[in-house]
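A.B. asks: Before I ask anything, let me first share the structure, which is written out below as structure tokens.
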Amino acid sequence: MKNIIFFGDSLTAGYGLRANEGFPALIQTRLDAEQLPCKAINYGISGETSAGGRQRLSTVLARQPVDVFVLALGANDGLRGIPVRETSQNLQYILTEVKRQFPQATVVLAGLEFPFDLGPLGAYRLGHYATEFKALFRILAEKNSLPFVPFLLQGVLGRRDLNLPDGVHPNAAGQKVLAENVWRVLSPLLQVQVS
């Protein structure tokens, strides 16, 4: 049985939804339907920043072997206006540490972009910060030669029908779109892993 670790924030945790409605659980349903011997493990924590993920990483990695690691952090860094360089360094640390402890693991990076919430710094973020923030994920993916989900919220961002009333977190229907976005990249990798 291969372990797929989904390491993220409220988008991964399925904020405001039942446990079986988050995208990691939906991917488990796909795995079962395709009879792939994999276990999707959800390590999403609402409110998590890249710094918080860096701090709790060792605990997560000590719990079970890691075959696939899906890193989906950064949204809360963006919402708080944390410097892009700091976010990038934290994510790089996580990527490096996963590969150090589990060199055979496949690591997938999920990208994000603005504006998922403009907040008081909206005008500024639409410019320089937003551009840098979006780019950091692709830069990390290319630097580390990682499979890459370009934009986790593709097809969900800005759609009232796919988000909770807060306009930030996907609802159950939105989580299905997130699952598709991730599955598109994950599926071919798993076919290789289990073959």
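The way I read the labels, and the way they are meant: chains A, B, ... in the order of the structure tokens, residue 1 as the first residue of every chain, and ligand 1 as the first ligand shown, with later ones counted on from there.
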Extract the full set of strand (DSSP E) residues from stretch 38-139 of chain A according to DSSP on the backbone, and format it as a list in words.
C.D. replies: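 Matching residues, listed in order: Cys38, Lys39, Ala40, Ile41, Asn42, Tyr43, Gly44, Val68, Phe69, Val70, Leu71, Ala72, Thr106, Val107, Val108, Leu109 and Ala110 of chain A.
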A.B. asks: So which bits of stretch 63-92 of chain A end up alpha helix (DSSP H) when you DSSP the backbone, as a compact mmCIF listing (two decimals) with N, CA and C atoms, in the first residue's frame?
C.D. replies:
```txt
# COMPACT_ATOMS: atom_id res chain seq x y z
N ALA A 75 -1.18 29.64 0.70
CA ALA A 75 -2.33 30.54 0.61
C ALA A 75 -2.35 31.53 1.77
N ASN A 76 -2.11 31.04 2.98
CA ASN A 76 -2.16 31.93 4.14
C ASN A 76 -0.98 32.88 4.19
N ASP A 77 0.14 32.46 3.63
CA ASP A 77 1.27 33.40 3.50
C ASP A 77 0.84 34.58 2.63
N GLY A 78 0.17 34.27 1.53
CA GLY A 78 -0.27 35.32 0.62
C GLY A 78 -1.28 36.24 1.27
N LEU A 79 -2.24 35.65 1.98
CA LEU A 79 -3.27 36.45 2.64
C LEU A 79 -2.67 37.39 3.68
N ARG A 80 -1.57 36.96 4.29
CA ARG A 80 -0.94 37.79 5.33
C ARG A 80 0.15 38.69 4.78
N VAL A 84 7.57 37.01 -0.16
CA VAL A 84 7.65 35.86 -1.06
C VAL A 84 8.92 35.05 -0.82
N ARG A 85 10.00 35.75 -0.56
CA ARG A 85 11.27 35.04 -0.33
C ARG A 85 11.16 34.10 0.87
N GLU A 86 10.48 34.56 1.93
CA GLU A 86 10.31 33.74 3.13
C GLU A 86 9.47 32.50 2.83
N THR A 87 8.37 32.70 2.12
CA THR A 87 7.51 31.57 1.74
C THR A 87 8.30 30.57 0.91
N SER A 88 9.04 31.09 -0.04
CA SER A 88 9.84 30.23 -0.92
C SER A 88 10.86 29.42 -0.13
N GLN A 89 11.53 30.05 0.82
CA GLN A 89 12.53 29.35 1.63
C GLN A 89 11.89 28.25 2.47
N ASN A 90 10.72 28.55 3.04
CA ASN A 90 10.03 27.53 3.85
C ASN A 90 9.60 26.35 3.01
N LEU A 91 9.05 26.62 1.83
CA LEU A 91 8.61 25.53 0.95
C LEU A 91 9.80 24.72 0.47
N GLN A 92 10.91 25.40 0.16
CA GLN A 92 12.11 24.68 -0.27
C GLN A 92 12.62 23.78 0.85
```
A.B. asks: If we count only C-alpha atoms, what is near A:Gly14 at a cut-off of 10 Å, once residues fewer than 6 positions away on the same chain are taken out, given as a ChimeraX atom specification?
C.D. replies: /A:20-25,42,44-46,169-172,175
A.B. asks: In Å, how far is it from atom CA of A:Lys39 to atom CA of A:Ile27?
C.D. replies: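 Distance between the two atoms: 9.4 Å.
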A.B. asks: Quick one: of A:Leu31, A:Val98, A:Ile41, A:Ala179, who's nearest to A:Val156, counting only C-alpha atoms?
C.D. replies: A:Ala179
